[in-house]
$ cat entry_32.pdb   # PDB, C-alpha atoms and all ligand atoms
ATOM      1  CA  MET A   1     150.141 216.785 125.225
ATOM      2  CA  SER A   2     152.468 219.742 125.111
ATOM      3  CA  ARG A   3     152.892 221.705 121.900
ATOM      4  CA  ILE A   4     156.446 220.412 121.488
ATOM      5  CA  LYS A   5     155.404 216.794 121.900
ATOM      6  CA  ARG A   6     152.600 217.212 119.403
ATOM      7  CA  PHE A   7     155.013 218.830 116.963
ATOM      8  CA  MET A   8     157.438 215.902 117.319
ATOM      9  CA  VAL A   9     154.729 213.283 116.764
ATOM     10  CA  ILE A  10     153.521 215.054 113.608
ATOM     11  CA  SER A  11     157.034 215.436 112.206
ATOM     12  CA  CYS A  12     157.649 211.774 112.861
ATOM     13  CA  TRP A  13     154.587 210.811 110.844
ATOM     14  CA  ILE A  14     155.619 213.103 108.001
ATOM     15  CA  ALA A  15     159.094 211.520 107.959
ATOM     16  CA  ILE A  16     157.630 207.994 107.928
ATOM     17  CA  GLY A  17     155.211 208.945 105.146
ATOM     18  CA  ALA A  18     158.008 210.433 103.060
ATOM     19  CA  PHE A  19     160.168 207.339 103.563
ATOM     20  CA  VAL A  20     157.358 204.973 102.538
ATOM     21  CA  ALA A  21     156.630 207.037  99.416
ATOM     22  CA  TRP A  22     160.337 207.176  98.552
ATOM     23  CA  SER A  23     160.866 203.405  98.968
ATOM     24  CA  PHE A  24     157.771 202.655  96.924
ATOM     25  CA  PHE A  25     159.043 204.887  94.151
ATOM     26  CA  LYS A  26     162.508 203.344  94.365
ATOM     27  CA  VAL A  27     161.206 199.754  94.110
ATOM     28  CA  GLN A  28     159.051 200.651  91.110
ATOM     29  CA  ASN A  29     161.979 202.338  89.502
ATOM     30  CA  THR A  30     164.521 199.547  90.012
ATOM     31  CA  SER A  31     162.244 196.799  88.723
ATOM     32  CA  ALA A  32     161.526 198.842  85.612
ATOM     33  CA  GLN A  33     165.254 199.321  85.031
ATOM     34  CA  ALA A  34     166.057 195.690  85.712
ATOM     35  CA  THR A  35     163.757 194.465  82.990
ATOM     36  CA  THR A  36     164.453 197.099  80.373
ATOM     37  CA  GLU A  37     168.034 198.219  80.899
ATOM     38  CA  GLY A  38     169.299 195.137  82.661
ATOM     39  CA  ASP A  39     171.165 196.767  85.531
ATOM     40  CA  ALA A  40     173.134 194.750  88.073
ATOM     41  CA  ALA A  41     169.964 193.137  89.414
ATOM     42  CA  LEU A  42     169.433 190.660  86.578
ATOM     43  CA  PRO A  43     171.729 188.869  84.130
ATOM     44  CA  VAL A  44     171.543 190.120  80.559
ATOM     45  CA  ALA A  45     171.851 187.743  77.620
ATOM     46  CA  LYS A  46     172.194 189.174  74.125
ATOM     47  CA  ILE A  47     172.305 187.399  70.775
ATOM     48  CA  VAL A  48     174.886 189.460  68.853
ATOM     49  CA  VAL A  49     174.946 187.259  65.747
ATOM     50  CA  PRO A  50     172.764 186.582  63.787
ATOM     51  CA  LYS A  51     170.618 189.685  63.545
ATOM     52  CA  ASP A  52     166.912 189.535  64.272
ATOM     53  CA  LYS A  53     164.873 188.754  61.127
ATOM     54  CA  ALA A  54     167.939 187.794  59.069
ATOM     55  CA  ILE A  55     167.299 185.291  56.277
ATOM     56  CA  TYR A  56     169.200 182.015  55.810
ATOM     57  CA  LYS A  57     168.924 178.983  53.550
ATOM     58  CA  TRP A  58     167.369 175.865  55.046
ATOM     59  CA  ASP A  59     169.732 172.982  55.773
ATOM     60  CA  THR A  60     172.755 175.200  56.284
ATOM     61  CA  LEU A  61     174.767 175.925  59.394
ATOM     62  CA  VAL A  62     174.540 179.472  60.733
ATOM     63  CA  ASN A  63     177.099 181.007  63.077
ATOM     64  CA  TYR A  64     175.889 182.478  66.327
ATOM     65  CA  GLU A  65     177.402 184.568  69.072
ATOM     66  CA  ILE A  66     175.955 185.376  72.483
ATOM     67  CA  VAL A  67     177.200 187.767  75.155
ATOM     68  CA  VAL A  68     176.064 187.424  78.761
ATOM     69  CA  SER A  69     176.791 189.870  81.543
ATOM     70  CA  ASP A  70     175.832 189.573  85.170
ATOM     71  CA  ARG A  71     176.861 191.586  88.225
ATOM     72  CA  GLY A  72     179.740 193.265  86.407
ATOM     73  CA  LYS A  73     181.042 190.015  84.903
ATOM     74  CA  SER A  74     180.874 189.014  81.286
ATOM     75  CA  THR A  75     181.363 186.043  78.990
ATOM     76  CA  LYS A  76     183.532 188.387  76.880
ATOM     77  CA  TYR A  77     186.347 188.165  79.429
ATOM     78  CA  GLN A  78     185.609 184.538  80.412
ATOM     79  CA  GLU A  79     184.405 185.689  83.844
ATOM     80  CA  ILE A  80     181.220 183.772  83.082
ATOM     81  CA  PRO A  81     182.039 180.333  81.660
ATOM     82  CA  SER A  82     180.807 179.783  78.123
ATOM     83  CA  ASN A  83     179.191 176.445  79.014
ATOM     84  CA  GLU A  84     176.707 178.229  81.276
ATOM     85  CA  VAL A  85     175.108 179.767  78.188
ATOM     86  CA  LEU A  86     172.407 177.967  76.249
ATOM     87  CA  LEU A  87     171.041 178.567  72.771
ATOM     88  CA  LYS A  88     167.689 176.939  72.100
ATOM     89  CA  THR A  89     166.357 176.831  68.546
ATOM     90  CA  MET A  90     162.713 176.189  67.766
ATOM     91  CA  TYR A  91     161.134 175.624  64.369
ATOM     92  CA  ILE A  92     158.200 177.977  63.739
ATOM     93  CA  PRO A  93     155.956 177.047  60.769
ATOM     94  CA  ASP A  94     154.672 180.608  60.296
ATOM     95  CA  LEU A  95     156.638 183.510  61.739
ATOM     96  CA  SER A  96     153.917 186.041  60.980
ATOM     97  CA  ARG A  97     151.643 184.249  63.414
ATOM     98  CA  ALA A  98     154.172 183.607  66.151
ATOM     99  CA  HIS A  99     153.910 185.800  69.219
ATOM    100  CA  VAL A 100     157.593 185.612  69.898
ATOM    101  CA  ASN A 101     157.949 188.512  72.285
ATOM    102  CA  SER A 102     155.141 187.807  74.691
ATOM    103  CA  PRO A 103     155.055 186.234  77.160
ATOM    104  CA  PRO A 104     158.719 185.478  77.833
ATOM    105  CA  PRO A 105     159.350 181.714  77.851
ATOM    106  CA  ALA A 106     159.948 180.107  81.240
ATOM    107  CA  PRO A 107     163.531 179.387  82.303
ATOM    108  CA  GLU A 108     164.741 175.957  81.243
ATOM    109  CA  SER A 109     164.072 173.280  83.803
ATOM    110  CA  SER A 110     166.828 172.559  86.263
ATOM    111  CA  GLY A 111     167.445 169.151  84.614
ATOM    112  CA  LEU A 112     168.849 170.851  81.538
ATOM    113  CA  THR A 113     170.963 173.194  83.666
ATOM    114  CA  ASP A 114     172.326 170.146  85.533
ATOM    115  CA  ILE A 115     173.247 168.511  82.206
ATOM    116  CA  MET A 116     175.099 171.675  81.165
ATOM    117  CA  ARG A 117     176.978 171.872  84.470
ATOM    118  CA  SER A 118     178.017 168.211  84.626
ATOM    119  CA  ASN A 119     180.264 166.428  82.107
ATOM    120  CA  CYS A 120     177.424 164.875  80.043
ATOM    121  CA  LEU A 121     177.971 166.967  76.926
ATOM    122  CA  GLY A 122     181.508 165.675  76.630
ATOM    123  CA  CYS A 123     179.968 162.389  75.426
ATOM    124  CA  HIS A 124     176.359 163.168  74.506
ATOM    125  CA  GLU A 125     174.693 165.532  72.077
ATOM    126  CA  PHE A 126     171.031 166.435  72.131
ATOM    127  CA  LYS A 127     170.053 165.224  68.676
ATOM    128  CA  SER A 128     172.953 163.315  67.182
ATOM    129  CA  ARG A 129     175.083 160.414  68.259
ATOM    130  CA  ALA A 130     178.437 161.206  69.832
ATOM    131  CA  MET A 131     180.370 158.743  71.965
ATOM    132  CA  GLY A 132     177.076 158.085  73.749
ATOM    133  CA  PRO A 133     173.559 157.950  72.267
ATOM    134  CA  SER A 134     171.775 161.284  71.710
ATOM    135  CA  PHE A 135     169.350 162.388  74.429
ATOM    136  CA  ALA A 136     166.616 162.399  71.748
ATOM    137  CA  VAL A 137     167.145 158.739  70.876
ATOM    138  CA  ILE A 138     167.272 157.748  74.564
ATOM    139  CA  ALA A 139     163.893 159.470  75.109
ATOM    140  CA  LYS A 140     162.418 157.647  72.110
ATOM    141  CA  ARG A 141     163.565 154.199  73.200
ATOM    142  CA  TYR A 142     161.835 154.061  76.596
ATOM    143  CA  PRO A 143     158.210 154.632  77.686
ATOM    144  CA  ASP A 144     157.741 157.987  79.450
ATOM    145  CA  THR A 145     156.958 156.577  82.908
ATOM    146  CA  ALA A 146     158.115 157.109  86.474
ATOM    147  CA  SER A 147     159.935 153.786  86.407
ATOM    148  CA  THR A 148     161.936 154.805  83.293
ATOM    149  CA  ILE A 149     162.962 157.972  85.128
ATOM    150  CA  ASP A 150     164.120 155.859  88.086
ATOM    151  CA  THR A 151     166.023 153.429  85.858
ATOM    152  CA  LEU A 152     167.781 156.168  83.890
ATOM    153  CA  SER A 153     168.655 157.970  87.135
ATOM    154  CA  GLN A 154     170.210 154.774  88.446
ATOM    155  CA  HIS A 155     172.166 154.210  85.199
ATOM    156  CA  ILE A 156     173.520 157.744  85.202
ATOM    157  CA  ARG A 157     174.558 157.436  88.855
ATOM    158  CA  GLU A 158     176.111 153.972  88.613
ATOM    159  CA  GLY A 159     177.285 154.074  85.002
ATOM    160  CA  SER A 160     175.995 152.024  82.120
ATOM    161  CA  ALA A 161     177.322 149.447  79.672
ATOM    162  CA  GLY A 162     175.880 147.225  76.989
ATOM    163  CA  ALA A 163     172.553 149.002  76.431
ATOM    164  CA  TRP A 164     173.701 151.007  73.404
ATOM    165  CA  GLY A 165     176.918 149.436  72.133
ATOM    166  CA  GLN A 166     180.525 148.978  73.126
ATOM    167  CA  ALA A 167     181.226 152.298  74.829
ATOM    168  CA  GLN A 168     180.603 152.627  78.564
ATOM    169  CA  MET A 169     179.251 155.469  80.630
ATOM    170  CA  PRO A 170     181.208 156.147  83.836
ATOM    171  CA  PRO A 171     179.332 156.565  87.150
ATOM    172  CA  HIS A 172     178.276 160.026  88.402
ATOM    173  CA  ALA A 173     178.447 159.746  92.173
ATOM    174  CA  ASP A 174     178.526 163.544  92.600
ATOM    175  CA  LEU A 175     174.935 164.075  91.439
ATOM    176  CA  THR A 176     172.200 164.217  94.088
ATOM    177  CA  ALA A 177     168.978 162.207  93.872
ATOM    178  CA  LYS A 178     167.200 165.421  92.886
ATOM    179  CA  ASP A 179     169.709 166.224  90.119
ATOM    180  CA  LEU A 180     169.375 162.670  88.739
ATOM    181  CA  HIS A 181     165.600 162.832  88.800
ATOM    182  CA  ASP A 182     165.512 166.307  87.180
ATOM    183  CA  ILE A 183     167.947 165.213  84.437
ATOM    184  CA  SER A 184     166.091 161.990  83.593
ATOM    185  CA  PHE A 185     162.763 163.805  83.713
ATOM    186  CA  TRP A 186     164.054 166.497  81.362
ATOM    187  CA  ILE A 187     165.405 163.893  78.908
ATOM    188  CA  MET A 188     162.085 161.992  78.809
ATOM    189  CA  LYS A 189     159.898 165.120  78.500
ATOM    190  CA  HIS A 190     161.898 167.373  76.204
ATOM    191  CA  ALA A 191     164.847 165.736  74.476
ATOM    192  CA  ALA A 192     162.854 164.121  71.649
ATOM    193  CA  ASP A 193     160.906 167.242  70.580
ATOM    194  CA  PRO A 194     161.594 167.425  66.810
ATOM    195  CA  ASP A 195     161.069 171.208  66.644
ATOM    196  CA  ILE A 196     163.696 172.062  69.239
ATOM    197  CA  ASN A 197     167.459 171.804  69.438
ATOM    198  CA  TYR A 198     170.005 172.979  72.010
ATOM    199  CA  TYR A 199     173.524 174.325  71.717
ATOM    200  CA  VAL A 200     175.756 175.081  74.660
ATOM    201  CA  GLY A 201     178.341 177.858  74.566
ATOM    202  CA  THR A 202     178.568 181.515  73.651
ATOM    203  CA  GLU A 203     179.512 180.825  70.053
ATOM    204  CA  GLY A 204     179.197 178.110  67.478
ATOM    205  CA  SER A 205     176.783 177.266  64.742
ATOM    206  CA  PHE A 206     173.213 176.072  64.703
ATOM    207  CA  SER A 207     171.441 174.143  62.013
ATOM    208  CA  MET A 208     168.657 175.719  59.920
ATOM    209  CA  LYS A 209     166.758 172.471  60.018
ATOM    210  CA  ALA A 210     163.038 172.024  59.586
ATOM    211  CA  PRO A 211     161.364 168.852  60.919
ATOM    212  CA  VAL A 212     158.908 169.000  57.979
ATOM    213  CA  THR A 213     159.142 170.618  54.519
ATOM    214  CA  PRO A 214     159.060 174.309  55.449
ATOM    215  CA  GLY A 215     156.482 176.563  53.825
ATOM    216  CA  PRO A 216     156.985 180.267  53.051
ATOM    217  CA  GLY A 217     157.277 182.340  56.231
ATOM    218  CA  ALA A 218     158.721 179.480  58.268
ATOM    219  CA  GLY A 219     161.746 180.166  60.405
ATOM    220  CA  ILE A 220     163.641 179.490  63.584
ATOM    221  CA  LEU A 221     163.134 181.150  66.946
ATOM    222  CA  LEU A 222     166.409 181.555  68.817
ATOM    223  CA  THR A 223     166.489 181.917  72.585
ATOM    224  CA  ALA A 224     169.760 182.582  74.392
ATOM    225  CA  SER A 225     169.633 182.082  78.140
ATOM    226  CA  TYR A 226     171.743 182.119  81.242
ATOM    227  CA  THR A 227     170.817 181.036  84.764
ATOM    228  CA  ARG A 228     172.887 182.451  87.619
ATOM    229  CA  PRO A 229     174.543 179.506  89.446
ATOM    230  CA  ASP A 230     173.744 180.494  93.031
ATOM    231  CA  ALA A 231     170.045 180.343  92.177
ATOM    232  CA  GLU A 232     170.495 176.574  92.608
ATOM    233  CA  ILE A 233     170.614 176.990  96.384
ATOM    234  CA  PRO A 234     167.269 175.630  97.666
ATOM    235  CA  GLY A 235     164.813 178.378  98.460
ATOM    236  CA  GLN A 236     166.629 180.942  96.321
ATOM    237  CA  GLN A 237     164.833 182.504  93.440
ATOM    238  CA  ILE A 238     165.981 181.422  89.973
ATOM    239  CA  VAL A 239     167.783 184.402  88.452
ATOM    240  CA  HIS A 240     167.652 184.180  84.740
ATOM    241  CA  GLY A 241     168.349 186.349  81.719
ATOM    242  CA  GLU A 242     167.397 185.678  78.129
ATOM    243  CA  ASP A 243     167.128 187.125  74.645
ATOM    244  CA  THR A 244     164.937 186.018  71.765
ATOM    245  CA  ILE A 245     165.141 186.680  68.022
ATOM    246  CA  VAL A 246     163.857 185.006  64.874
ATOM    247  CA  VAL A 247     165.571 184.132  61.610
ATOM    248  CA  GLU A 248     163.674 183.372  58.463
ATOM    249  CA  GLY A 249     164.331 180.360  56.259
ATOM    250  CA  LYS A 250     164.468 180.420  52.487
TER     251      LYS A 250
HETATM  252  C1  LIG A 301     182.525 159.396  79.168
HETATM  253  C2  LIG A 301     181.362 159.526  78.343
HETATM  254  C3  LIG A 301     180.018 159.781  78.984
HETATM  255  C4  LIG A 301     179.683 160.762  79.903
HETATM  256  C5  LIG A 301     180.599 161.786  80.542
HETATM  257  C6  LIG A 301     178.250 160.650  80.113
HETATM  258  N1  LIG A 301     177.749 159.617  79.380
HETATM  259 FE1  LIG A 301     175.823 158.983  79.350
HETATM  260  N2  LIG A 301     176.340 157.453  78.180
HETATM  261  C7  LIG A 301     177.589 157.238  77.622
HETATM  262  C8  LIG A 301     177.586 156.000  76.879
HETATM  263  C9  LIG A 301     178.746 155.411  76.117
HETATM  264  C10 LIG A 301     176.276 155.460  77.022
HETATM  265  C11 LIG A 301     175.761 154.124  76.500
HETATM  266  C12 LIG A 301     176.019 153.078  77.598
HETATM  267  C13 LIG A 301     175.408 151.746  77.293
HETATM  268  O1  LIG A 301     175.500 151.282  76.169
HETATM  269  O2  LIG A 301     174.821 151.173  78.238
HETATM  270  C14 LIG A 301     175.536 156.412  77.835
HETATM  271  C15 LIG A 301     174.187 156.246  78.178
HETATM  272  C16 LIG A 301     173.436 157.195  78.808
HETATM  273  C17 LIG A 301     172.004 157.087  79.074
HETATM  274  C18 LIG A 301     171.110 155.914  78.685
HETATM  275  C19 LIG A 301     171.147 154.859  79.749
HETATM  276  C20 LIG A 301     170.202 153.725  79.450
HETATM  277  O3  LIG A 301     169.852 153.037  80.397
HETATM  278  O4  LIG A 301     169.823 153.512  78.283
HETATM  279  C21 LIG A 301     171.635 158.248  79.698
HETATM  280  C22 LIG A 301     170.239 158.612  80.183
HETATM  281  C23 LIG A 301     172.817 159.043  79.842
HETATM  282  N3  LIG A 301     173.886 158.379  79.293
HETATM  283  C24 LIG A 301     172.846 160.289  80.430
HETATM  284  C25 LIG A 301     174.033 160.944  80.782
HETATM  285  C26 LIG A 301     174.073 162.109  81.608
HETATM  286  C27 LIG A 301     172.861 162.834  82.139
HETATM  287  C28 LIG A 301     175.393 162.441  81.775
HETATM  288  C29 LIG A 301     175.978 163.564  82.602
HETATM  289  C30 LIG A 301     175.585 163.585  83.998
HETATM  290  C31 LIG A 301     176.161 161.466  81.030
HETATM  291  N4  LIG A 301     175.305 160.575  80.441
HETATM  292  C32 LIG A 301     177.550 161.473  80.956
HETATM  293  C33 LIG A 301     178.685 158.051  77.764
HETATM  294  C34 LIG A 301     178.785 159.081  78.662
END
$ encode --input "entry_32.pdb" --output "structure tokens"
Amino acid sequence: MSRIKRFMVISCWIAIGAFVAWSFFKVQNTSAQATTEGDAALPVAKIVVPKDKAIYKWDTLVNYEIVVSDRGKSTKYQEIPSNEVLLKTMYIPDLSRAHVNSPPPAPESSGLTDIMRSNCLGCHEFKSRAMGPSFAVIAKRYPDTASTIDTLSQHIREGSAGAWGQAQMPPHADLTAKDLHDISFWIMKHAADPDINYYVGTEGSFSMKAPVTPGPGAGILLTASYTRPDAEIPGQQIVHGEDTIVVEGK
């Protein structure tokens, strides 16, 4: 090998080495930023009101406000629709023993996201009766079996009448078999949990409600979350942002 050739081969290897080191550093750097600063890579959800560790009376309604931003868009300017934002409240019997910041809770199952994105919440609430029965009371009426999930899926798709009263549910022909299954599954597994409630929208009020007589140190864990819509494409990673705080009851 001539001197020139040898020189070129060595320089090539140095360049490759430098590039690999640089990309490794860059990847490390971006993922650190994405989780702490929330740059364009991940949606950022922030509970603006109430403040973390604020204290409220039990059995009152407390106002909340959430701001979500994602890829330069924000709920502040209605670029992200308010009904894509979920507030989940969870009763915690003893806040001093709750490990609220670690690990981060998993994103809500796709069944709940499907409920938020369809028209269900125009007629149903999670815990109380609206025009239709609450999802909690539906979950309590039927045994948690595969055949219940099939039956509910069929009733949502074809519409339902007579099972709960005079009002009728219209059909939902737009939902896929997977959506219907995920929704019915979510209702049966999660809707009746007495410690948890759900509120959709960037602002509103949640209830400081305890499922049992609360002791000192009990409170509510609030989790605001947003799932980027195009994560629903099969094979795509679920892109999710969330924020968690606690409020104390008195
Ligand atoms: C226009 C109002 C309306 C909309 C929109 C609506 N529902 Fe209903 N839903 C009802 C009513 C009313 C009933 C009770 C029907 C009955 O008595 O059989 C009901 C019943 C149900 C039931 C119980 C069925 C059973 O067999 O007991 C489920 C589950 C349900 N709805 C889920 C959903 C889901 C999921 C969506 C959104 C995809 C949705 N509903 C949209 C009004 C609505």
$ closest_residue --input "entry_32.pdb" --among "A:Trp164, A:Tyr226, A:Phe185, A:Tyr198" --to "ligand LIG 301 (chain A)" --atoms "only C-alpha atoms and all ligand atoms"
A:Trp164
$ residues_around --input "entry_32.pdb" --residues "A:Glu125" --least-positions-apart "6" --cutoff "12 Å" --atoms "all atoms listed in the file" --output "list in words"
Ile115, Met116, Asn119, Met131, Gly132, Pro133, Ser134, Phe135, Ala136, Val137, Ile138, Ile187, Ala191, Ala192, Asn197, Tyr198, Tyr199 and Val200 of chain A
$ axis_aligned_box --input "entry_32.pdb" --around "ligand LIG 301 (chain A)" --padding-each-side "5 Å" --output "JSON"
{"center_x": 176.2, "center_y": 157.4, "center_z": 80.1, "size_x": 22.7, "size_y": 22.4, "size_z": 17.9}
$ atom_distance --input "entry_32.pdb" --atom1 "atom CA of A:Gly165" --atom2 "atom CA of A:Ile183"
21.9 Å
$ resolve_selection --input "entry_32.pdb" --expression "the PyMOL selection byres (((chain A and resi 144) around 12) and not hetatm)" --output "compact mmCIF listing (two decimals) with C-alpha atoms, in the frame of the given file"
# COMPACT_ATOMS: atom_id res chain seq x y z
CA ILE A 138 167.27 157.75 74.56
CA ALA A 139 163.89 159.47 75.11
CA LYS A 140 162.42 157.65 72.11
CA ARG A 141 163.56 154.20 73.20
CA TYR A 142 161.84 154.06 76.60
CA PRO A 143 158.21 154.63 77.69
CA THR A 145 156.96 156.58 82.91
CA ALA A 146 158.12 157.11 86.47
CA SER A 147 159.94 153.79 86.41
CA THR A 148 161.94 154.80 83.29
CA ILE A 149 162.96 157.97 85.13
CA ASP A 150 164.12 155.86 88.09
CA THR A 151 166.02 153.43 85.86
CA LEU A 152 167.78 156.17 83.89
CA SER A 184 166.09 161.99 83.59
CA PHE A 185 162.76 163.80 83.71
CA TRP A 186 164.05 166.50 81.36
CA ILE A 187 165.40 163.89 78.91
CA MET A 188 162.08 161.99 78.81
CA LYS A 189 159.90 165.12 78.50
CA HIS A 190 161.90 167.37 76.20
CA ALA A 191 164.85 165.74 74.48
CA ALA A 192 162.85 164.12 71.65
$ closest_residue --input "entry_32.pdb" --among "A:Ser153, A:Ser110, A:Thr60, A:Thr75" --to "A:Lys46" --atoms "only C-alpha atoms"
A:Thr75
$ resolve_selection --input "entry_32.pdb" --expression "the PyMOL selection byres (((chain A and resi 77-80) around 12) and not hetatm)" --output "ChimeraX atom specification"
/A:43-45,66-76,81-85,201-202,226-229
$ resolve_selection --input "entry_32.pdb" --expression "the PyMOL selection byres (((chain A and resi 57) around 9) and not hetatm)" --output "VMD selection string"
chain A and resid 55 to 56 58 to 61 208 248 to 250
